[in-house]
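**Student:** Just so it is clear, I am handing over model25.txt, which has compact mmCIF, C-alpha atoms.
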# COMPACT_ATOMS: atom_id res chain seq x y z
CA MET A 84 89.71 84.39 118.11
CA PRO A 85 92.78 86.19 116.70
CA ASN A 86 92.99 89.97 116.40
CA THR A 87 94.24 92.05 113.47
CA ILE A 88 97.24 94.34 113.97
CA ILE A 89 99.28 96.46 111.55
CA ILE A 90 102.93 95.39 111.42
CA GLY A 91 104.18 97.49 108.50
CA SER A 92 103.22 100.50 106.39
CA GLY A 93 104.36 102.33 103.28
CA SER A 94 103.23 105.12 100.99
CA TYR A 95 104.01 106.73 97.67
CA LEU A 96 103.59 110.45 97.09
CA PRO A 97 104.20 111.50 93.48
CA ASN A 98 107.08 113.91 92.96
CA ARG A 99 105.01 116.23 90.78
CA ILE A 100 103.61 119.06 92.93
CA VAL A 101 100.71 120.90 91.26
CA GLY A 102 99.85 124.34 92.63
CA ARG A 103 97.11 126.83 91.85
CA ASP A 104 98.95 128.31 88.86
CA PHE A 105 98.43 125.02 87.00
CA PHE A 106 94.72 125.92 86.60
CA LEU A 107 95.07 129.59 85.61
CA ASN A 108 94.31 128.95 81.92
CA SER A 109 91.21 126.86 82.67
CA GLU A 110 87.72 127.66 81.40
CA PHE A 111 85.40 126.66 84.24
CA TYR A 112 81.71 125.79 83.90
CA ALA A 113 78.99 125.50 86.54
CA GLU A 114 76.99 122.29 87.15
CA ASP A 115 74.20 123.59 84.89
CA GLY A 116 76.65 123.77 81.98
CA GLN A 117 76.91 127.57 81.97
CA LYS A 118 80.35 129.10 81.61
CA ILE A 119 81.57 130.91 84.72
CA ASP A 120 82.19 134.51 83.65
CA LYS A 121 84.86 135.24 86.23
CA PRO A 122 88.63 135.26 85.90
CA ALA A 123 90.07 131.82 86.64
CA GLU A 124 92.17 133.31 89.44
CA GLU A 125 89.01 134.42 91.26
CA THR A 126 87.48 130.94 90.98
CA ILE A 127 90.72 129.32 92.14
CA SER A 128 91.07 131.67 95.14
CA LYS A 129 87.51 130.95 96.26
CA PHE A 130 88.16 127.23 95.89
CA VAL A 131 91.32 127.42 98.04
CA GLU A 132 89.46 129.46 100.66
CA ILE A 133 86.83 126.72 101.05
CA THR A 134 88.91 123.56 100.64
CA GLU A 135 92.34 124.84 101.82
CA ILE A 136 93.93 122.83 98.99
CA GLU A 137 96.96 124.81 97.86
CA ASN A 138 98.86 121.90 96.31
CA ARG A 139 98.21 118.38 95.20
CA ARG A 140 100.32 115.54 93.74
CA PHE A 141 99.96 114.19 90.18
CA ILE A 142 101.82 111.19 88.77
CA GLU A 143 104.00 111.43 85.68
CA ASP A 144 102.88 109.90 82.38
CA ASP A 145 105.20 106.89 82.73
CA LEU A 146 103.60 105.82 86.02
CA SER A 147 100.32 104.03 86.73
CA ASN A 148 98.09 103.20 89.67
CA SER A 149 99.47 99.68 90.06
CA LYS A 150 103.06 100.97 89.89
CA ILE A 151 102.60 103.48 92.70
CA GLY A 152 100.61 100.87 94.63
CA TYR A 153 103.54 98.49 94.21
CA GLU A 154 105.95 101.13 95.56
CA ALA A 155 103.81 101.63 98.66
CA ALA A 156 103.35 97.86 99.08
CA LYS A 157 107.07 97.15 98.78
CA LYS A 158 107.80 99.64 101.57
CA ALA A 159 105.07 98.17 103.76
CA ILE A 160 106.42 94.63 103.33
CA GLU A 161 109.97 95.78 104.09
CA ASP A 162 108.68 97.62 107.16
CA ALA A 163 106.80 94.50 108.31
CA LYS A 164 109.94 92.39 107.86
CA ILE A 165 108.04 89.46 106.40
CA ASP A 166 108.62 87.26 103.39
CA PRO A 167 106.08 88.39 100.75
CA GLU A 168 105.54 84.71 99.90
CA THR A 169 103.77 84.37 103.27
CA LEU A 170 101.00 86.77 102.23
CA ASP A 171 97.63 85.03 102.14
CA TYR A 172 95.74 87.90 100.49
CA ILE A 173 96.42 91.14 98.66
CA ILE A 174 93.47 93.55 98.65
CA TYR A 175 93.70 96.64 96.45
CA ALA A 176 91.20 99.49 96.89
CA SER A 177 90.59 101.97 94.07
CA ASN A 178 87.76 103.71 92.23
CA PHE A 179 89.03 103.63 88.67
CA GLY A 180 91.62 100.87 88.50
CA GLU A 181 94.53 101.21 86.09
CA VAL A 182 93.69 104.51 84.38
CA THR A 183 95.54 105.10 81.12
CA VAL A 184 97.03 108.48 80.20
CA HIS A 185 93.98 108.87 77.93
CA GLY A 186 91.63 108.53 80.90
CA TYR A 187 90.22 105.04 80.35
CA SER A 188 89.83 102.58 83.24
CA ASP A 189 91.39 99.13 82.92
CA PHE A 190 90.41 96.46 85.46
CA MET A 191 91.70 93.33 83.76
CA PRO A 192 93.81 91.88 85.20
CA ASN A 193 92.79 93.30 88.56
CA MET A 194 94.96 95.71 90.50
CA ALA A 195 95.91 93.30 93.28
CA ALA A 196 97.07 90.72 90.73
CA ARG A 197 99.24 93.34 89.00
CA VAL A 198 100.92 94.22 92.30
CA LYS A 199 101.45 90.54 93.15
CA ASN A 200 103.15 90.17 89.76
CA GLN A 201 105.37 93.21 90.32
CA LEU A 202 106.33 91.93 93.77
CA GLY A 203 107.37 88.65 92.14
CA ILE A 204 105.24 86.55 94.49
CA LYS A 205 105.08 82.91 93.33
CA ASN A 206 102.70 81.64 96.03
CA ARG A 207 99.61 80.41 94.15
CA LYS A 208 97.62 80.48 97.40
CA CYS A 209 98.13 84.25 97.73
CA ILE A 210 94.68 85.45 96.69
CA THR A 211 94.23 88.82 94.97
CA TYR A 212 91.08 90.89 95.42
CA ASP A 213 90.09 94.39 94.35
CA MET A 214 87.87 96.51 96.58
CA MET A 215 85.61 98.99 94.77
CA PHE A 216 83.78 100.91 97.46
CA GLY A 217 84.34 104.59 96.67
CA CYS A 218 86.69 106.65 98.82
CA PRO A 219 86.01 104.37 101.85
CA GLY A 220 87.55 101.47 99.89
CA TRP A 221 90.78 101.15 101.86
CA VAL A 222 89.00 101.23 105.22
CA GLU A 223 86.53 98.61 103.93
CA ALA A 224 89.46 96.50 102.70
CA MET A 225 90.86 96.63 106.23
CA ILE A 226 87.49 95.47 107.56
CA LEU A 227 87.49 92.60 105.05
CA ALA A 228 91.03 91.68 106.10
CA ASP A 229 89.90 91.63 109.73
CA HIS A 230 87.07 89.24 108.80
CA PHE A 231 89.54 86.89 107.07
CA ILE A 232 91.89 86.91 110.04
CA LYS A 233 89.17 86.42 112.64
CA ALA A 234 87.74 83.57 110.54
CA GLY A 235 91.13 81.88 110.71
CA VAL A 236 91.61 81.70 106.95
CA ALA A 237 94.52 84.15 106.78
CA LYS A 238 97.50 85.26 108.84
CA ASN A 239 99.21 87.94 106.72
CA ILE A 240 97.36 90.34 104.41
CA LEU A 241 98.58 93.26 102.31
CA VAL A 242 96.01 96.07 102.08
CA ILE A 243 96.63 98.80 99.47
CA GLY A 244 94.80 101.98 98.53
CA GLY A 245 95.90 103.67 95.31
CA GLU A 246 94.36 106.22 92.98
CA THR A 247 95.26 108.35 89.95
CA LEU A 248 92.35 110.78 89.97
CA SER A 249 94.23 113.39 87.94
CA ARG A 250 93.44 111.24 84.88
CA VAL A 251 89.66 111.14 85.38
CA THR A 252 88.83 114.81 86.03
CA ASP A 253 86.97 117.14 83.66
CA PRO A 254 89.21 120.09 82.70
CA HIS A 255 86.14 122.38 82.82
CA ASP A 256 84.96 121.36 86.30
CA ARG A 257 86.09 123.38 89.33
CA ASN A 258 86.04 120.19 91.37
CA ARG A 259 89.03 118.89 89.42
CA MET A 260 91.18 121.01 91.74
CA ILE A 261 90.22 118.74 94.65
CA PHE A 262 91.58 115.49 93.25
CA ALA A 263 95.09 114.06 93.49
CA ASP A 264 97.17 110.89 93.09
CA GLY A 265 98.91 108.66 95.61
CA ALA A 266 99.12 105.24 97.22
CA GLY A 267 99.35 103.82 100.73
CA ALA A 268 99.63 100.29 102.06
CA VAL A 269 99.83 98.29 105.26
CA VAL A 270 100.57 94.70 106.18
CA VAL A 271 98.25 93.26 108.82
CA THR A 272 98.75 90.02 110.69
CA ALA A 273 96.93 87.78 113.14
CA THR A 274 97.87 88.03 116.81
CA GLU A 275 96.72 86.20 119.91
CA GLN A 276 97.11 89.39 121.96
CA GLU A 277 93.78 90.39 123.43
CA ASN A 278 91.99 93.71 122.95
CA VAL A 279 94.40 95.12 120.33
CA GLY A 280 94.26 95.98 116.64
CA ILE A 281 90.84 96.44 115.03
CA ILE A 282 88.58 96.37 118.09
CA ALA A 283 85.44 97.75 116.40
CA HIS A 284 84.20 98.66 112.93
CA ASN A 285 81.06 99.93 111.30
CA THR A 286 79.85 100.24 107.69
CA ILE A 287 76.80 102.05 106.32
CA CYS A 288 75.58 101.93 102.69
CA ASP A 289 72.94 104.44 101.63
CA ASN A 290 72.28 103.55 98.01
CA GLY A 291 68.91 105.19 97.40
CA PRO A 292 68.67 108.84 96.33
CA GLU A 293 72.31 109.20 97.41
CA LEU A 294 73.51 106.80 94.72
CA ASN A 295 74.54 109.46 92.21
CA TYR A 296 75.95 112.12 94.53
CA LEU A 297 79.29 110.88 93.17
CA ALA A 298 79.21 109.26 89.74
CA ASN A 299 80.74 109.29 86.27
CA GLY A 300 79.46 111.66 83.61
CA PRO A 301 80.44 113.55 80.43
CA SER A 302 82.16 116.92 80.43
CA ILE A 303 80.30 119.73 82.15
CA ASN A 304 81.07 121.80 79.03
CA LYS A 305 78.37 120.77 76.52
CA ASP A 306 80.56 121.94 73.62
CA ALA A 307 83.33 119.54 74.61
CA GLU A 308 83.57 115.92 73.44
CA GLN A 309 80.85 114.03 75.34
CA SER A 310 81.78 110.36 74.97
CA ARG A 311 84.48 110.32 77.63
CA LEU A 312 83.34 110.02 81.26
CA TYR A 313 84.74 111.97 84.20
CA VAL A 314 84.20 111.90 87.95
CA ARG A 315 81.15 114.07 88.70
CA MET A 316 80.33 115.34 92.18
CA GLN A 317 77.28 117.01 93.71
CA GLY A 318 79.26 118.93 96.30
CA ARG A 319 76.45 120.48 98.34
CA LYS A 320 74.51 117.21 98.68
CA ILE A 321 77.66 115.33 99.67
CA TYR A 322 78.48 117.98 102.28
CA GLU A 323 75.01 117.80 103.81
CA TYR A 324 74.96 113.99 103.73
CA ALA A 325 78.41 113.68 105.32
CA LEU A 326 77.72 116.20 108.05
CA LYS A 327 74.48 114.46 108.98
CA ASN A 328 75.71 110.86 108.88
CA VAL A 329 79.48 110.53 109.39
CA PRO A 330 79.74 111.88 112.97
CA ALA A 331 76.96 109.56 114.12
CA ALA A 332 78.66 106.58 112.45
CA ILE A 333 81.97 107.40 114.16
CA LYS A 334 80.26 107.73 117.54
CA GLU A 335 78.51 104.40 117.09
CA THR A 336 81.84 102.71 116.30
CA ILE A 337 83.55 104.27 119.31
CA GLU A 338 80.71 103.06 121.51
CA ASP A 339 80.96 99.57 120.00
CA ALA A 340 84.56 99.59 121.26
CA ASN A 341 83.26 100.53 124.75
CA LEU A 342 85.10 103.82 124.53
CA SER A 343 84.27 107.53 124.50
CA ILE A 344 85.72 110.39 122.47
CA GLU A 345 88.11 111.19 125.34
CA ASP A 346 89.72 107.78 124.77
CA ILE A 347 90.55 108.54 121.11
CA ASP A 348 94.02 109.96 120.37
CA LYS A 349 93.65 110.57 116.64
CA ILE A 350 90.92 110.54 114.02
CA LEU A 351 92.29 109.80 110.54
CA ILE A 352 89.45 111.04 108.38
CA HIS A 353 89.25 110.91 104.61
CA GLN A 354 89.92 114.39 103.27
CA ALA A 355 88.00 115.82 100.34
CA ASN A 356 87.33 119.30 101.67
CA ALA A 357 88.92 120.91 104.74
CA LYS A 358 85.74 122.83 105.58
CA MET A 359 83.71 119.60 105.54
CA ASP A 360 86.25 117.72 107.68
CA TYR A 361 86.37 120.49 110.30
CA ALA A 362 82.57 120.50 110.41
CA MET A 363 82.33 116.72 110.82
CA ILE A 364 84.87 116.61 113.67
CA GLU A 365 83.13 119.52 115.38
CA ARG A 366 79.74 117.80 114.99
CA LEU A 367 81.20 114.58 116.41
CA HIS A 368 82.33 116.39 119.55
CA LYS A 369 78.95 118.09 119.85
CA LEU A 370 77.37 114.62 120.00
CA TYR A 371 79.37 114.24 123.21
CA ASP A 372 78.39 117.76 124.39
CA ILE A 373 81.96 118.95 123.90
CA LYS A 374 82.39 122.48 122.52
CA GLU A 375 86.14 122.94 122.94
CA TYR A 376 88.63 120.29 121.89
CA ASN A 377 92.23 119.90 120.71
CA HIS A 378 92.08 120.17 116.91
CA SER A 379 95.26 118.11 116.58
CA ILE A 380 93.04 115.07 117.14
CA SER A 381 92.34 115.21 113.38
CA PRO A 382 95.56 115.53 111.32
CA MET A 383 95.22 117.26 107.95
CA THR A 384 97.15 116.53 104.76
CA ILE A 385 94.70 117.91 102.20
CA GLN A 386 96.37 121.33 102.04
CA GLU A 387 99.48 119.87 100.40
CA PHE A 388 98.40 116.49 99.02
CA GLY A 389 94.80 117.09 97.89
CA ASN A 390 92.18 114.33 97.88
CA SER A 391 93.80 111.06 96.88
CA SER A 392 90.65 109.09 97.75
CA VAL A 393 91.45 105.58 99.02
CA ALA A 394 95.11 106.52 99.49
CA THR A 395 94.48 109.37 101.96
CA ILE A 396 94.16 107.42 105.21
CA PRO A 397 96.91 104.80 104.68
CA THR A 398 99.27 107.56 103.48
CA MET A 399 98.51 109.63 106.57
CA PHE A 400 98.95 106.58 108.82
CA ASP A 401 102.34 105.85 107.28
CA LEU A 402 103.55 109.45 107.57
CA ILE A 403 102.59 109.65 111.24
CA VAL A 404 103.99 106.26 112.23
CA LYS A 405 107.26 107.16 110.47
CA GLY A 406 107.46 110.53 112.29
CA LYS A 407 106.98 112.55 109.09
CA MET A 408 104.00 114.66 110.21
CA GLU A 409 105.21 117.34 112.57
CA GLY A 410 103.26 117.51 115.81
CA HIS A 411 101.58 114.13 115.34
CA SER A 412 102.41 110.69 116.71
CA PHE A 413 100.70 107.49 117.79
CA GLN A 414 100.78 106.30 121.39
CA GLU A 415 101.56 102.79 122.61
CA LYS A 416 98.23 101.20 123.56
CA GLY A 417 96.54 104.32 122.16
CA ASN A 418 93.24 104.30 120.25
CA ILE A 419 92.69 105.86 116.84
CA VAL A 420 89.74 106.08 114.47
CA MET A 421 90.04 105.64 110.71
CA THR A 422 86.92 106.77 108.84
CA SER A 423 85.74 107.69 105.37
CA VAL A 424 82.73 108.63 103.26
CA GLY A 425 82.33 108.41 99.51
CA ALA A 426 80.59 107.21 96.39
CA GLY A 427 77.61 105.01 97.00
CA MET A 428 77.06 106.77 99.38
CA ASN A 429 79.10 104.63 101.75
CA ILE A 430 80.47 105.38 105.21
CA ASN A 431 82.76 103.30 107.38
CA ALA A 432 84.89 103.58 110.51
CA ILE A 433 87.42 101.52 112.43
CA VAL A 434 88.63 101.87 116.00
CA TYR A 435 92.21 100.62 116.11
CA ARG A 436 94.21 100.05 119.30
CA PHE A 437 98.01 99.90 119.11
CA PRO A 438 99.65 96.95 120.87
With the file now loaded, output its structure as structure tokens.
**Tutor:**
Amino acid sequence: MPNTIIIGSGSYLPNRIVGRDFFLNSEFYAEDGQKIDKPAEETISKFVEITEIENRRFIEDDLSNSKIGYEAAKKAIEDAKIDPETLDYIIYASNFGEVTVHGYSDFMPNMAARVKNQLGIKNRKCITYDMMFGCPGWVEAMILADHFIKAGVAKNILVIGGETLSRVTDPHDRNRMIFADGAGAVVVTATEQENVGIIAHNTICDNGPELNYLANGPSINKDAEQSRLYVRMQGRKIYEYALKNVPAAIKETIEDANLSIEDIDKILIHQANAKMDYAMIERLHKLYDIKEYNHSISPMTIQEFGNSSVATIPTMFDLIVKGKMEGHSFQEKGNIVMTSVGAGMNINAIVYRFP
């Protein structure tokens, strides 16, 4: 049975850097619809203290999700040194598809097909899928790609995660300061090498009471126009859910790979809130009865890039593999974890071993 290894990566970080001053003229409302009677600066400072997000990246009006996904994909293909016509599948993960500047989602044609068109691929047997799975979408797309390769129906697959969340956030919601734009991509291929690539994975879907922890809804300001839908987040419930469930899911995946936490070099975790990520990594180590650990095991990009959802992990992977994250690198034959939690609620994790 073949294994799935990454042979190329690419990412696109928008040029537009948005700092805290961007939100100074905002009128913020609480989840109950009541206006927050505090200066915006006070609300922003408290937000930064909790999340550590000082800056985030927004795309310009002349760009779109598929365009930045194409840019990341083009770099990944060039890095992989393959002919794009040899791609068997393109899988594009996103939450909102091709969001217009007016905030409306457009899924037809699908995102993967748009990227195939922009890449100029003529191969009619190159199949284009979209993966809608919340923030864990890119990791789940990697798991799907692994299934295709192990089933023997594909050799080369392009896996993209792209999002333009700046276009779907409520201007009156404090949580809008979390979200950002970006795209990341990898090319994976089949190899006959043993015990390399994706050596274990795990997916959990809790779709009961957790279903609407992350959902679409009208503006939190009842006096604002109510027909347009924005991303709506129940932050406390998500925090509690993630802290309870994500560390256990990571541990299970590591054990499925017949490894322990000491065998893991890096954990690339989806980043929505620095406080939550720190807590999850700490809880994971506690499951192994470890109190002190090297915090560099979990690289952080949220402080400067914000939460770009499905793009976070592939972007971070690309930056590290290209030597663009100071103090972080991947080791030959080293093991890393890629893991995420998001709308659904869904959780997934991969243990990946470098050749």
**Student:** Using all atoms listed in the file, which of A:Gly244, A:Gly102, A:Pro192, A:Pro85 sits nearest Ser128 of chain A?
**Tutor:**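 Of the candidates, the smallest distance to Ser128 of chain A is held by A:Gly102.
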**Student:** So how many Å separate atom CA of Arg319 of chain A and atom CA of Ser109 of chain A, to one decimal?
**Tutor:** 22.5 Å
**Student:** Counting only C-alpha atoms, which of A:Lys320, A:Lys238, A:Arg315, A:His185 gets nearest to Phe262 of chain A?
**Tutor:**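 Checking each of A:Lys320, A:Lys238, A:Arg315, A:His185 against Phe262 of chain A, counting only C-alpha atoms, the winner is A:Arg315.
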**Student:** Of the residues A:Pro97, A:Gly235, A:Gly186, A:Gly91, which is the one nearest to Ala156 of chain A, using all atoms listed in the file?
**Tutor:**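 Checking each of A:Pro97, A:Gly235, A:Gly186, A:Gly91 against Ala156 of chain A, counting all atoms listed in the file, the winner is A:Gly91.
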**Student:** Residues near Gly389 of chain A, anyone? I mean within 10 Å using all atoms listed in the file, not counting same-chain ones fewer than 2 positions away, as an NGL selection string.
**Tutor:** :A and (101 or 134-141 or 260-265 or 354-357 or 384-387 or 391-392 or 395)
**Student:** Would you mind listing what lies within 8 Å of Thr211 of chain A as an MDAnalysis selection string, with only C-alpha atoms counted and same-chain residues fewer than 5 positions away left out?
**Tutor:** chainID A and resid 172:175 193 195:196 199
**Student:** Tell me, as a PyMOL selection string, which residues lie within 9 Å of Gly220 of chain A, counting only C-alpha atoms; anything in the same chain fewer than 5 positions away does not count.
**Tutor:** chain A and resi 175-178+214-215+225+244+392-393+423+425
**Student:** Between A:Glu409, A:Glu161, A:Glu375, A:Asp401, which residue has the minimum interatomic distance to Leu351 of chain A, considering only C-alpha atoms?
**Tutor:** A:Asp401
**Student:** Which neighbours of Ile352 of chain A fall inside 8 Å, counting all atoms listed in the file, when residues of the same chain fewer than 5 positions from it are skipped, and could you give them as an MDAnalysis selection string?
**Tutor:** chainID A and resid 360 381 396 420:423
**Student:** Could you state the separation of atom CA of Ile287 of chain A and atom CA of Asn328 of chain A in Å, given to one decimal place?
**Tutor:**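 Calculated distance between atom CA of Ile287 of chain A and atom CA of Asn328 of chain A is 9.2 Å.
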**Student:** Can you check which parts of segment 186-236 of chain A lie within 8 Å of segment 270-281 of chain A? Per residue, the shortest pair of atoms and distance in Å to one decimal, counting all atoms listed in the file, sorted by chain and number, as a Markdown table.
**Tutor:**
| residue | atom | partner | partner_atom | distance |
| --- | --- | --- | --- | --- |
| A:Ala228 | CA | A:Val271 | CA | 7.9 |
| A:Asp229 | CA | A:Ile281 | CA | 7.2 |
| A:Ile232 | CA | A:Ala273 | CA | 6.0 |
| A:Lys233 | CA | A:Ala273 | CA | 7.9 |
**Student:** Take the residues just selected and output them with C-alpha atoms as an mmCIF file, in the frame of the given file.
**Tutor:**
data_model
loop_
_atom_site.group_PDB
_atom_site.id
_atom_site.type_symbol
_atom_site.label_atom_id
_atom_site.label_comp_id
_atom_site.auth_asym_id
_atom_site.auth_seq_id
_atom_site.Cartn_x
_atom_site.Cartn_y
_atom_site.Cartn_z
ATOM 1 C CA ALA A 228 91.030 91.680 106.100
ATOM 2 C CA ASP A 229 89.900 91.630 109.730
ATOM 3 C CA ILE A 232 91.890 86.910 110.040
ATOM 4 C CA LYS A 233 89.170 86.420 112.640
#
